[in-house]
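Asker: Dropping in structure.pdb, which is PDB, C-alpha atoms:
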ATOM      1  CA  MET A   1      81.220 195.504  87.184
ATOM      2  CA  SER A   2      79.039 195.145  90.254
ATOM      3  CA  LYS A   3      79.267 192.145  92.562
ATOM      4  CA  GLN A   4      75.791 191.021  91.475
ATOM      5  CA  ASN A   5      76.826 191.020  87.802
ATOM      6  CA  GLN A   6      80.034 189.158  88.660
ATOM      7  CA  ASP A   7      78.005 186.473  90.449
ATOM      8  CA  ILE A   8      75.694 186.123  87.459
ATOM      9  CA  VAL A   9      78.627 185.799  85.044
ATOM     10  CA  GLY A  10      80.325 183.245  87.313
ATOM     11  CA  PHE A  11      77.078 181.261  87.603
ATOM     12  CA  ASP A  12      76.623 181.230  83.821
ATOM     13  CA  THR A  13      80.234 180.172  83.301
ATOM     14  CA  ARG A  14      79.907 177.251  85.738
ATOM     15  CA  TRP A  15      76.715 176.027  84.088
ATOM     16  CA  SER A  16      78.264 176.383  80.622
ATOM     17  CA  SER A  17      81.289 174.346  81.726
ATOM     18  CA  LEU A  18      79.025 171.725  83.288
ATOM     19  CA  GLY A  19      76.918 171.527  80.122
ATOM     20  CA  ALA A  20      79.999 171.170  77.935
ATOM     21  CA  ALA A  21      81.342 168.429  80.213
ATOM     22  CA  ILE A  22      78.051 166.518  80.078
ATOM     23  CA  VAL A  23      77.908 166.750  76.292
ATOM     24  CA  GLY A  24      81.559 165.705  75.968
ATOM     25  CA  TRP A  25      81.245 162.708  78.285
ATOM     26  CA  SER A  26      77.971 161.652  76.639
ATOM     27  CA  ALA A  27      79.615 161.694  73.207
ATOM     28  CA  ALA A  28      82.617 159.754  74.558
ATOM     29  CA  ILE A  29      80.349 157.088  76.071
ATOM     30  CA  VAL A  30      78.358 156.739  72.846
ATOM     31  CA  PHE A  31      81.511 156.307  70.759
ATOM     32  CA  PHE A  32      83.193 153.988  73.270
ATOM     33  CA  PHE A  33      80.185 151.730  73.873
ATOM     34  CA  PRO A  34      80.714 149.539  70.732
ATOM     35  CA  ILE A  35      84.307 148.927  71.829
ATOM     36  CA  PHE A  36      83.156 148.072  75.341
ATOM     37  CA  TRP A  37      80.520 145.698  73.975
ATOM     38  CA  MET A  38      83.075 143.987  71.723
ATOM     39  CA  ILE A  39      85.407 143.360  74.672
ATOM     40  CA  HIS A  40      82.456 142.388  76.864
ATOM     41  CA  THR A  41      81.211 139.854  74.294
ATOM     42  CA  SER A  42      84.638 138.271  73.857
ATOM     43  CA  PHE A  43      84.373 136.758  77.367
ATOM     44  CA  LYS A  44      80.903 135.252  76.796
ATOM     45  CA  THR A  45      79.800 131.860  75.567
ATOM     46  CA  GLU A  46      78.442 131.739  72.026
ATOM     47  CA  GLU A  47      74.965 131.126  73.436
ATOM     48  CA  ASP A  48      75.086 134.336  75.494
ATOM     49  CA  ALA A  49      76.663 136.306  72.647
ATOM     50  CA  GLN A  50      73.888 135.390  70.209
ATOM     51  CA  SER A  51      71.030 135.814  72.657
ATOM     52  CA  LEU A  52      68.320 138.196  71.430
ATOM     53  CA  ASP A  53      68.121 139.628  74.947
ATOM     54  CA  PRO A  54      71.444 141.350  75.787
ATOM     55  CA  VAL A  55      73.347 139.485  78.504
ATOM     56  CA  PHE A  56      75.178 141.906  80.789
ATOM     57  CA  PHE A  57      76.029 139.613  83.696
ATOM     58  CA  PHE A  58      77.723 136.249  83.154
ATOM     59  CA  THR A  59      80.726 134.215  84.216
ATOM     60  CA  PRO A  60      83.707 135.446  82.143
ATOM     61  CA  SER A  61      85.660 132.860  80.206
ATOM     62  CA  LEU A  62      88.896 132.903  78.187
ATOM     63  CA  ASP A  63      87.781 129.988  76.020
ATOM     64  CA  ARG A  64      87.104 132.189  72.991
ATOM     65  CA  TYR A  65      90.680 133.518  73.127
ATOM     66  CA  ARG A  66      91.965 129.950  73.175
ATOM     67  CA  GLU A  67      89.765 128.954  70.245
ATOM     68  CA  ILE A  68      90.960 131.686  67.907
ATOM     69  CA  ASN A  69      94.492 130.240  67.995
ATOM     70  CA  GLU A  70      93.335 126.728  67.148
ATOM     71  CA  GLY A  71      92.642 127.381  63.465
ATOM     72  CA  SER A  72      94.864 126.877  60.455
ATOM     73  CA  LEU A  73      96.275 130.404  60.820
ATOM     74  CA  SER A  74      98.742 130.929  63.658
ATOM     75  CA  ILE A  75      98.041 134.138  65.582
ATOM     76  CA  THR A  76     101.773 134.835  66.010
ATOM     77  CA  ASP A  77     102.426 134.484  62.274
ATOM     78  CA  VAL A  78      99.458 136.672  61.358
ATOM     79  CA  PHE A  79     100.418 139.466  63.739
ATOM     80  CA  GLY A  80     104.032 139.136  62.635
ATOM     81  CA  ASN A  81     103.009 139.585  58.994
ATOM     82  CA  SER A  82     100.978 142.685  59.790
ATOM     83  CA  PHE A  83     103.658 144.281  61.957
ATOM     84  CA  ILE A  84     106.345 143.754  59.304
ATOM     85  CA  VAL A  85     104.239 145.132  56.456
ATOM     86  CA  VAL A  86     102.726 148.032  58.414
ATOM     87  CA  ILE A  87     105.899 149.248  60.124
ATOM     88  CA  ILE A  88     108.058 149.084  56.988
ATOM     89  CA  SER A  89     105.392 150.788  54.845
ATOM     90  CA  THR A  90     104.995 153.550  57.451
ATOM     91  CA  ILE A  91     108.755 154.136  57.528
ATOM     92  CA  LEU A  92     108.838 154.291  53.726
ATOM     93  CA  VAL A  93     105.979 156.806  53.713
ATOM     94  CA  LEU A  94     107.990 159.062  56.028
ATOM     95  CA  LEU A  95     111.296 158.607  54.183
ATOM     96  CA  MET A  96     109.736 159.555  50.848
ATOM     97  CA  GLY A  97     107.099 161.962  52.140
ATOM     98  CA  ILE A  98     109.400 164.248  54.154
ATOM     99  CA  PRO A  99     111.610 165.284  51.197
ATOM    100  CA  ALA A 100     108.521 165.709  49.002
ATOM    101  CA  ALA A 101     106.796 167.850  51.631
ATOM    102  CA  TYR A 102     109.961 169.922  52.055
ATOM    103  CA  ALA A 103     110.163 170.549  48.312
ATOM    104  CA  LEU A 104     106.496 171.549  48.103
ATOM    105  CA  ALA A 105     106.430 173.789  51.193
ATOM    106  CA  ILE A 106     109.915 175.226  51.760
ATOM    107  CA  ARG A 107     111.243 175.240  48.199
ATOM    108  CA  PRO A 108     108.107 175.106  46.041
ATOM    109  CA  VAL A 109     108.620 173.558  42.626
ATOM    110  CA  GLU A 110     106.994 175.019  39.527
ATOM    111  CA  LYS A 111     103.206 174.396  39.484
ATOM    112  CA  TRP A 112     103.350 172.926  42.981
ATOM    113  CA  ARG A 113      99.570 173.183  43.315
ATOM    114  CA  ASP A 114      99.200 170.828  40.364
ATOM    115  CA  VAL A 115     101.627 168.438  42.025
ATOM    116  CA  LEU A 116      99.630 168.500  45.243
ATOM    117  CA  PHE A 117      96.392 167.893  43.367
ATOM    118  CA  PHE A 118      97.978 164.963  41.545
ATOM    119  CA  PHE A 119      99.003 163.429  44.871
ATOM    120  CA  ILE A 120      95.556 163.695  46.413
ATOM    121  CA  SER A 121      93.745 162.745  43.167
ATOM    122  CA  THR A 122      95.201 159.254  43.463
ATOM    123  CA  LYS A 123      92.929 158.791  46.480
ATOM    124  CA  PHE A 124      89.820 159.515  44.410
ATOM    125  CA  LEU A 125      89.914 156.120  42.679
ATOM    126  CA  PRO A 126      88.020 153.395  44.583
ATOM    127  CA  VAL A 127      90.260 150.571  45.723
ATOM    128  CA  ALA A 128      87.938 148.050  44.062
ATOM    129  CA  ALA A 129      88.602 149.724  40.694
ATOM    130  CA  ALA A 130      92.369 149.447  41.154
ATOM    131  CA  ILE A 131      92.547 145.866  42.380
ATOM    132  CA  VAL A 132      92.728 144.218  38.928
ATOM    133  CA  PRO A 133      95.739 146.198  37.633
ATOM    134  CA  LEU A 134      97.385 145.855  41.041
ATOM    135  CA  PHE A 135      96.857 142.092  40.907
ATOM    136  CA  PHE A 136      98.520 141.794  37.489
ATOM    137  CA  PHE A 137     101.250 144.227  38.554
ATOM    138  CA  ALA A 138     102.068 142.077  41.578
ATOM    139  CA  ARG A 139     101.962 138.877  39.535
ATOM    140  CA  ALA A 140     104.171 140.159  36.715
ATOM    141  CA  ILE A 141     107.012 141.706  38.718
ATOM    142  CA  PRO A 142     109.546 139.390  40.377
ATOM    143  CA  ASN A 143     110.250 139.695  44.080
ATOM    144  CA  PRO A 144     113.675 141.322  44.566
ATOM    145  CA  PHE A 145     114.148 139.264  47.732
ATOM    146  CA  GLY A 146     113.544 135.977  45.969
ATOM    147  CA  GLY A 147     110.592 134.567  44.099
ATOM    148  CA  ASP A 148     108.928 134.797  40.716
ATOM    149  CA  GLN A 149     106.344 137.420  41.679
ATOM    150  CA  LEU A 150     105.288 139.988  44.271
ATOM    151  CA  LEU A 151     101.784 138.534  44.505
ATOM    152  CA  GLY A 152     101.181 136.808  47.823
ATOM    153  CA  THR A 153     104.328 138.235  49.428
ATOM    154  CA  LYS A 154     104.912 140.703  52.246
ATOM    155  CA  THR A 155     107.180 142.697  49.921
ATOM    156  CA  GLY A 156     104.391 143.265  47.409
ATOM    157  CA  LEU A 157     101.913 144.230  50.107
ATOM    158  CA  THR A 158     104.430 146.641  51.653
ATOM    159  CA  ILE A 159     104.969 148.404  48.303
ATOM    160  CA  ILE A 160     101.234 148.750  47.666
ATOM    161  CA  TYR A 161     100.459 149.966  51.207
ATOM    162  CA  THR A 162     103.226 152.544  50.834
ATOM    163  CA  ALA A 163     101.837 153.720  47.503
ATOM    164  CA  PHE A 164      98.330 154.084  48.923
ATOM    165  CA  ASN A 165      99.392 155.990  52.063
ATOM    166  CA  LEU A 166     102.109 158.174  50.524
ATOM    167  CA  PRO A 167      99.773 160.779  48.894
ATOM    168  CA  LEU A 168      97.970 161.460  52.169
ATOM    169  CA  GLY A 169     101.305 161.562  54.003
ATOM    170  CA  VAL A 170     102.764 164.130  51.595
ATOM    171  CA  TRP A 171      99.594 166.243  51.728
ATOM    172  CA  MET A 172      99.576 166.266  55.540
ATOM    173  CA  MET A 173     103.285 166.903  56.031
ATOM    174  CA  ARG A 174     103.298 169.659  53.429
ATOM    175  CA  SER A 175     100.781 171.608  55.542
ATOM    176  CA  PHE A 176     102.969 171.076  58.635
ATOM    177  CA  PHE A 177     106.157 172.182  56.835
ATOM    178  CA  ASP A 178     104.348 175.253  55.557
ATOM    179  CA  GLU A 179     103.926 176.451  59.170
ATOM    180  CA  VAL A 180     107.691 176.611  59.817
ATOM    181  CA  PRO A 181     108.727 180.301  60.166
ATOM    182  CA  LYS A 182     110.673 181.296  57.069
ATOM    183  CA  GLU A 183     112.904 183.524  59.226
ATOM    184  CA  LEU A 184     114.408 180.448  60.913
ATOM    185  CA  ILE A 185     115.259 178.908  57.557
ATOM    186  CA  GLU A 186     116.766 182.157  56.290
ATOM    187  CA  ALA A 187     118.862 182.458  59.464
ATOM    188  CA  ALA A 188     120.138 178.912  58.957
ATOM    189  CA  GLN A 189     121.015 179.704  55.348
ATOM    190  CA  ILE A 190     122.941 182.817  56.431
ATOM    191  CA  ASP A 191     124.894 180.641  58.893
ATOM    192  CA  GLY A 192     125.864 178.406  55.974
ATOM    193  CA  ALA A 193     123.699 175.394  56.856
ATOM    194  CA  SER A 194     123.163 172.946  54.025
ATOM    195  CA  ILE A 195     119.704 171.776  52.984
ATOM    196  CA  PHE A 196     120.113 168.576  54.979
ATOM    197  CA  SER A 197     121.308 170.514  58.018
ATOM    198  CA  GLN A 198     118.307 172.851  57.760
ATOM    199  CA  LEU A 199     115.996 169.873  57.528
ATOM    200  CA  ARG A 200     117.602 167.938  60.370
ATOM    201  CA  GLU A 201     118.386 170.717  62.851
ATOM    202  CA  VAL A 202     115.754 173.396  62.187
ATOM    203  CA  ILE A 203     112.678 172.025  60.454
ATOM    204  CA  LEU A 204     112.214 168.475  61.764
ATOM    205  CA  PRO A 205     112.247 169.450  65.481
ATOM    206  CA  ILE A 206     109.447 171.937  64.795
ATOM    207  CA  VAL A 207     107.254 169.623  62.690
ATOM    208  CA  SER A 208     107.932 166.431  64.687
ATOM    209  CA  PRO A 209     104.365 166.398  66.127
ATOM    210  CA  GLY A 210     102.975 166.577  62.599
ATOM    211  CA  ILE A 211     105.282 163.782  61.443
ATOM    212  CA  ALA A 212     104.159 161.680  64.402
ATOM    213  CA  ALA A 213     100.508 162.295  63.467
ATOM    214  CA  THR A 214     101.214 161.298  59.869
ATOM    215  CA  ALA A 215     103.039 158.151  60.975
ATOM    216  CA  LEU A 216     100.202 157.154  63.293
ATOM    217  CA  LEU A 217      97.527 157.620  60.630
ATOM    218  CA  SER A 218      99.618 155.677  58.103
ATOM    219  CA  PHE A 219     100.034 152.908  60.666
ATOM    220  CA  ILE A 220      96.290 152.775  61.367
ATOM    221  CA  PHE A 221      95.269 152.822  57.693
ATOM    222  CA  ALA A 222      97.743 150.081  56.798
ATOM    223  CA  TRP A 223      96.868 147.964  59.861
ATOM    224  CA  ASN A 224      93.133 148.107  59.124
ATOM    225  CA  GLU A 225      93.396 147.597  55.356
ATOM    226  CA  PHE A 226      91.191 144.643  54.409
ATOM    227  CA  PHE A 227      90.386 144.681  50.703
ATOM    228  CA  LEU A 228      93.972 144.775  49.438
ATOM    229  CA  GLY A 229      95.076 142.189  51.952
ATOM    230  CA  LEU A 230      92.213 139.895  50.980
ATOM    231  CA  ASN A 231      93.147 139.894  47.297
ATOM    232  CA  LEU A 232      96.933 140.163  47.397
ATOM    233  CA  THR A 233      98.047 137.823  50.188
ATOM    234  CA  ALA A 234      98.565 134.088  50.401
ATOM    235  CA  GLN A 235      98.035 131.653  53.258
ATOM    236  CA  ASP A 236     101.441 132.317  54.804
ATOM    237  CA  THR A 237     101.233 136.129  54.416
ATOM    238  CA  THR A 238      97.727 136.666  55.805
ATOM    239  CA  THR A 239      97.311 139.917  57.727
ATOM    240  CA  VAL A 240      95.252 140.612  60.846
ATOM    241  CA  PRO A 241      92.020 141.922  59.210
ATOM    242  CA  ILE A 242      91.820 138.791  57.049
ATOM    243  CA  TRP A 243      92.466 136.590  60.077
ATOM    244  CA  VAL A 244      89.666 138.306  62.004
ATOM    245  CA  THR A 245      87.110 137.603  59.282
ATOM    246  CA  SER A 246      88.281 133.984  59.083
ATOM    247  CA  GLN A 247      86.649 133.435  62.476
ATOM    248  CA  VAL A 248      83.311 133.397  60.618
ATOM    249  CA  ASP A 249      82.846 130.291  58.475
ATOM    250  CA  GLY A 250      80.123 128.230  56.860
ATOM    251  CA  ARG A 251      79.001 126.763  60.173
ATOM    252  CA  GLY A 252      77.700 130.122  61.355
ATOM    253  CA  GLN A 253      78.647 133.478  62.819
ATOM    254  CA  PHE A 254      80.525 133.007  66.073
ATOM    255  CA  PHE A 255      80.029 136.408  67.675
ATOM    256  CA  ALA A 256      82.010 135.742  70.852
ATOM    257  CA  LYS A 257      84.935 134.246  68.955
ATOM    258  CA  LEU A 258      84.839 137.069  66.417
ATOM    259  CA  SER A 259      84.791 139.629  69.243
ATOM    260  CA  ALA A 260      87.845 138.011  70.834
ATOM    261  CA  ALA A 261      89.770 138.189  67.559
ATOM    262  CA  ALA A 262      88.677 141.794  66.965
ATOM    263  CA  THR A 263      89.730 142.765  70.489
ATOM    264  CA  LEU A 264      93.234 141.419  69.947
ATOM    265  CA  ALA A 265      93.406 143.083  66.524
ATOM    266  CA  SER A 266      92.497 146.453  68.072
ATOM    267  CA  ILE A 267      95.185 146.410  70.770
ATOM    268  CA  PRO A 268      98.158 147.591  68.610
ATOM    269  CA  VAL A 269      96.172 150.511  67.133
ATOM    270  CA  ILE A 270      94.809 151.572  70.528
ATOM    271  CA  ALA A 271      98.271 151.278  72.093
ATOM    272  CA  ALA A 272      99.871 153.332  69.305
ATOM    273  CA  GLY A 273      97.197 156.007  69.645
ATOM    274  CA  TRP A 274      97.568 156.096  73.416
ATOM    275  CA  ILE A 275     101.344 156.442  73.250
ATOM    276  CA  ALA A 276     101.251 159.145  70.575
ATOM    277  CA  GLN A 277      98.114 160.967  71.726
ATOM    278  CA  LYS A 278      99.867 164.197  72.778
ATOM    279  CA  ARG A 279     101.884 164.427  69.590
ATOM    280  CA  LEU A 280      98.828 163.447  67.570
ATOM    281  CA  VAL A 281      96.743 166.297  68.968
ATOM    282  CA  ARG A 282      99.586 168.795  68.524
ATOM    283  CA  GLY A 283     100.289 167.509  65.041
ATOM    284  CA  LEU A 284      96.697 167.671  63.831
ATOM    285  CA  ALA A 285      96.393 171.192  65.254
ATOM    286  CA  LEU A 286      99.755 172.358  63.901
ATOM    287  CA  GLY A 287      98.452 173.469  60.529
ATOM    288  CA  ALA A 288      94.989 174.488  61.682
ATOM    289  CA  ILE A 289      95.755 178.064  62.731
ATOM    290  CA  LYS A 290      98.146 180.298  60.865
TER     291      LYS A 290
END
Output the file's structure as structure tokens, nothing else.

Answerer:
Amino acid sequence: MSKQNQDIVGFDTRWSSLGAAIVGWSAAIVFFFPIFWMIHTSFKTEEDAQSLDPVFFFTPSLDRYREINEGSLSITDVFGNSFIVVIISTILVLLMGIPAAYALAIRPVEKWRDVLFFFISTKFLPVAAAIVPLFFFARAIPNPFGGDQLLGTKTGLTIIYTAFNLPLGVWMMRSFFDEVPKELIEAAQIDGASIFSQLREVILPIVSPGIAATALLSFIFAWNEFFLGLNLTAQDTTTVPIWVTSQVDGRGQFFAKLSAAATLASIPVIAAGWIAQKRLVRGLALGAIK
């Protein structure tokens, strides 16, 4: 290739990279702007927040963050409820989903495709259609940790969140397990490794990014769940999404106060995503290319 052609190719490559960077940053700004505006609004007065003309410059105030903790719901109790329910349900999804994914990918059961379809078909039903039987289910079954019913308890909410996230968890982890080289498993079997040893020492280290991605998505879905929490919790078991909407009452829509509550509610999800971002990207890409 002549020097002139090399210069042309290099010029085209630089402009292509620049164009891709501009498009990428533009998309990032567009998607991030609502989050920025939410945080920005949380430091405003209600008058500035509800102004028809957007207010960009103002004197920041922490008053809205003080106000959101003055209601009948304690912010520490609400976040405590959500953390307990979300973390335990995520752990249960992994504890039950990993063996199921192993059985479907490494040691396929008979008609495993039908099993997979059954798992994912449970997500086809709208949550609103399932809320009535879930309500009676939670009211009829006693709480194993004390109490006449699961309704209005963290135990009941944990069980239901686990049931709703488990099908997606099994479906995701099955695709990750399916990427494990069969030669490694056969070598472990020749060495006399038991099923649990194969799972612990050979398979899990390989699919750990996929498990991390599954755990993060289960955490996010459970943390942001509103409809189930609205109908199945009581005053003392209120979760974060319900607490956020409680900032709007009959007196009006307090945009600045609502933005402050939403900002605090977003911190755990953003922090979890930031911490697990490398594993999340690797995990989501693990089953993409054979």

Asker: Given all atoms listed in the file as the basis, pick out the residue of A:Pro167, A:Gly273, A:Pro126, A:Gly229 nearest to Val86 (chain A).

Answerer: A:Gly229

Asker: Go through A:Ser218, A:Asn231, A:Ser246, A:Thr41 and flag the residue nearest Gly169 (chain A), using all atoms listed in the file for the distances.

Answerer: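 Checking each of A:Ser218, A:Asn231, A:Ser246, A:Thr41 against Gly169 (chain A), counting all atoms listed in the file, the winner is A:Ser218.
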
Asker: Could you give me the axis-aligned bounding box of region 167-173 of chain A, with 3 Å of padding per side, as centre plus edge lengths in Å to one decimal, as JSON?

Answerer:
{"center_x": 100.6, "center_y": 163.8, "center_z": 52.5, "size_x": 11.3, "size_y": 12.1, "size_z": 13.1}

Asker: Can you work out which one of A:Val78, A:Ile39, A:Val30, A:Leu199 has the shortest atom-to-atom distance to Gln235 (chain A), counting all atoms listed in the file?

Answerer: A:Val78

Asker: Once the PyMOL selection byres ((chain A and resi 54-66) around 8) is applied to the coordinates I shared, what remains selected? I want it as a list in words.

Answerer: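 Selection result, ordered by chain and number: Ser42, Phe43, Lys44, Thr45, Asp48, Ala49, Ser51, Leu52, Asp53, Glu67, Ile68, Asn69, Glu70, Ala256, Lys257, Ala260 and Ala261 of chain A.
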
Asker: So what do you get for CA of Phe117 (chain A) versus CA of Ser175 (chain A), distance-wise?

Answerer: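 The value is 13.5 Å.
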
Asker: Just want the 10 Å neighbourhood of Ala103 (chain A), counted on all atoms listed in the file, with same-chain residues fewer than 6 positions away dropped. Output as a PyMOL selection string.

Answerer: chain A and resi 97+109+112+174+177

Asker: Quick check, in Å to one decimal: how far apart do CA of Thr162 (chain A) and CA of Pro268 (chain A) lie?

Answerer: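 Calculated distance between CA of Thr162 (chain A) and CA of Pro268 (chain A) is 19.1 Å.
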
Asker: So which residues touch region 182-185 of chain A within 12 Å, counting all atoms listed in the file, skipping near sequence neighbours fewer than 6 positions away, as JSON, numbers by chain?

Answerer: {"A": [102, 105, 106, 107, 191, 192, 193, 194, 195, 196, 197, 198, 199, 200, 201, 202, 203, 204, 206]}

Asker: Measuring atom to atom with all atoms listed in the file, identify which of A:Ala187, A:Ala140, A:Ile29, A:Ile98 is nearest to Met172 (chain A).

Answerer: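 For Met172 (chain A), the nearest of the given residues is A:Ile98.
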
Asker: Please measure the separation of CA of Phe135 (chain A) and CA of Thr238 (chain A), giving the value in Å to one decimal.

Answerer: 15.9 Å

Asker: Exactly which residues make up the result of the PyMOL selection byres ((chain A and resi 223) around 12) on this file, given as a PyMOL selection string?

Answerer: chain A and resi 78-90+157-158+161-162+165+215-222+224-229+239-242+265-270+272

Asker: Contacts of Thr153 (chain A) at 8 Å or less, counting all atoms listed in the file, minus same-chain residues fewer than 2 places along, as a PyMOL selection string?

Answerer: chain A and resi 150-151+155-157+232-234+237

Asker: Would you save the residues of that selection, restricted to C-alpha atoms, as an mmCIF file, in the frame of the given file?

Answerer:
data_model
loop_
_atom_site.group_PDB
_atom_site.id
_atom_site.type_symbol
_atom_site.label_atom_id
_atom_site.label_comp_id
_atom_site.auth_asym_id
_atom_site.auth_seq_id
_atom_site.Cartn_x
_atom_site.Cartn_y
_atom_site.Cartn_z
ATOM 1 C CA LEU A 150 105.288 139.988 44.271
ATOM 2 C CA LEU A 151 101.784 138.534 44.505
ATOM 3 C CA THR A 155 107.180 142.697 49.921
ATOM 4 C CA GLY A 156 104.391 143.265 47.409
ATOM 5 C CA LEU A 157 101.913 144.230 50.107
ATOM 6 C CA LEU A 232 96.933 140.163 47.397
ATOM 7 C CA THR A 233 98.047 137.823 50.188
ATOM 8 C CA ALA A 234 98.565 134.088 50.401
ATOM 9 C CA THR A 237 101.233 136.129 54.416
#

Asker: Using only C-alpha atoms, pick whichever of A:Val180, A:Asp236, A:Pro144, A:Leu168 has the shortest atom-to-atom distance to Phe118 (chain A).

Answerer: A:Leu168

Asker: Counting only C-alpha atoms, which of A:Ala28, A:Lys111, A:Ile131, A:Leu104 gets nearest to Asp178 (chain A)?

Answerer: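 Closest to Asp178 (chain A), using only C-alpha atoms: A:Leu104.
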
Asker: All heavy atoms are needed for region 196-202 of chain A; please write them out as a PDB file, in the frame of the given file.

Answerer:
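Contents of result.pdb, as written:
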ATOM      1  N   PHE A 196     120.321 169.679  54.048  1.00  0.00           N
ATOM      2  CA  PHE A 196     120.113 168.576  54.979  1.00  0.00           C
ATOM      3  C   PHE A 196     120.259 169.044  56.423  1.00  0.00           C
ATOM      4  O   PHE A 196     119.541 168.561  57.309  1.00  0.00           O
ATOM      5  CB  PHE A 196     121.096 167.438  54.670  1.00  0.00           C
ATOM      6  CG  PHE A 196     120.835 166.757  53.366  1.00  0.00           C
ATOM      7  CD1 PHE A 196     121.626 167.005  52.257  1.00  0.00           C
ATOM      8  CD2 PHE A 196     119.764 165.869  53.236  1.00  0.00           C
ATOM      9  CE1 PHE A 196     121.385 166.376  51.048  1.00  0.00           C
ATOM     10  CE2 PHE A 196     119.514 165.232  52.028  1.00  0.00           C
ATOM     11  CZ  PHE A 196     120.321 165.482  50.927  1.00  0.00           C
ATOM     12  N   SER A 197     121.163 169.979  56.662  1.00  0.00           N
ATOM     13  CA  SER A 197     121.308 170.514  58.018  1.00  0.00           C
ATOM     14  C   SER A 197     120.071 171.319  58.409  1.00  0.00           C
ATOM     15  O   SER A 197     119.597 171.243  59.548  1.00  0.00           O
ATOM     16  CB  SER A 197     122.554 171.403  58.106  1.00  0.00           C
ATOM     17  OG  SER A 197     123.726 170.659  57.876  1.00  0.00           O
ATOM     18  N   GLN A 198     119.543 172.106  57.485  1.00  0.00           N
ATOM     19  CA  GLN A 198     118.307 172.851  57.760  1.00  0.00           C
ATOM     20  C   GLN A 198     117.173 171.892  58.099  1.00  0.00           C
ATOM     21  O   GLN A 198     116.410 172.120  59.048  1.00  0.00           O
ATOM     22  CB  GLN A 198     117.922 173.697  56.549  1.00  0.00           C
ATOM     23  CG  GLN A 198     118.905 174.780  56.167  1.00  0.00           C
ATOM     24  CD  GLN A 198     118.530 175.430  54.848  1.00  0.00           C
ATOM     25  OE1 GLN A 198     117.359 175.517  54.496  1.00  0.00           O
ATOM     26  NE2 GLN A 198     119.534 175.860  54.101  1.00  0.00           N
ATOM     27  N   LEU A 199     117.071 170.834  57.321  1.00  0.00           N
ATOM     28  CA  LEU A 199     115.996 169.873  57.528  1.00  0.00           C
ATOM     29  C   LEU A 199     116.140 169.156  58.853  1.00  0.00           C
ATOM     30  O   LEU A 199     115.159 169.004  59.610  1.00  0.00           O
ATOM     31  CB  LEU A 199     115.983 168.861  56.372  1.00  0.00           C
ATOM     32  CG  LEU A 199     114.832 167.849  56.340  1.00  0.00           C
ATOM     33  CD1 LEU A 199     113.501 168.564  56.169  1.00  0.00           C
ATOM     34  CD2 LEU A 199     115.038 166.851  55.207  1.00  0.00           C
ATOM     35  N   ARG A 200     117.365 168.742  59.165  1.00  0.00           N
ATOM     36  CA  ARG A 200     117.602 167.938  60.370  1.00  0.00           C
ATOM     37  C   ARG A 200     117.583 168.772  61.639  1.00  0.00           C
ATOM     38  O   ARG A 200     117.015 168.350  62.652  1.00  0.00           O
ATOM     39  CB  ARG A 200     118.943 167.210  60.233  1.00  0.00           C
ATOM     40  CG  ARG A 200     119.247 166.270  61.388  1.00  0.00           C
ATOM     41  CD  ARG A 200     120.576 165.570  61.219  1.00  0.00           C
ATOM     42  NE  ARG A 200     121.708 166.493  61.236  1.00  0.00           N
ATOM     43  CZ  ARG A 200     122.408 166.848  60.169  1.00  0.00           C
ATOM     44  NH1 ARG A 200     122.098 166.371  58.970  1.00  0.00           N
ATOM     45  NH2 ARG A 200     123.430 167.697  60.260  1.00  0.00           N
ATOM     46  N   GLU A 201     118.178 169.954  61.623  1.00  0.00           N
ATOM     47  CA  GLU A 201     118.386 170.717  62.851  1.00  0.00           C
ATOM     48  C   GLU A 201     117.352 171.826  63.088  1.00  0.00           C
ATOM     49  O   GLU A 201     117.169 172.253  64.223  1.00  0.00           O
ATOM     50  CB  GLU A 201     119.789 171.332  62.839  1.00  0.00           C
ATOM     51  CG  GLU A 201     120.894 170.287  62.760  1.00  0.00           C
ATOM     52  CD  GLU A 201     122.261 170.913  62.612  1.00  0.00           C
ATOM     53  OE1 GLU A 201     122.355 172.156  62.684  1.00  0.00           O
ATOM     54  OE2 GLU A 201     123.247 170.167  62.396  1.00  0.00           O
ATOM     55  N   VAL A 202     116.694 172.280  62.037  1.00  0.00           N
ATOM     56  CA  VAL A 202     115.754 173.396  62.187  1.00  0.00           C
ATOM     57  C   VAL A 202     114.313 172.954  61.967  1.00  0.00           C
ATOM     58  O   VAL A 202     113.430 173.190  62.806  1.00  0.00           O
ATOM     59  CB  VAL A 202     116.100 174.547  61.208  1.00  0.00           C
ATOM     60  CG1 VAL A 202     115.089 175.682  61.341  1.00  0.00           C
ATOM     61  CG2 VAL A 202     117.517 175.044  61.463  1.00  0.00           C
TER      62      VAL A 202
END
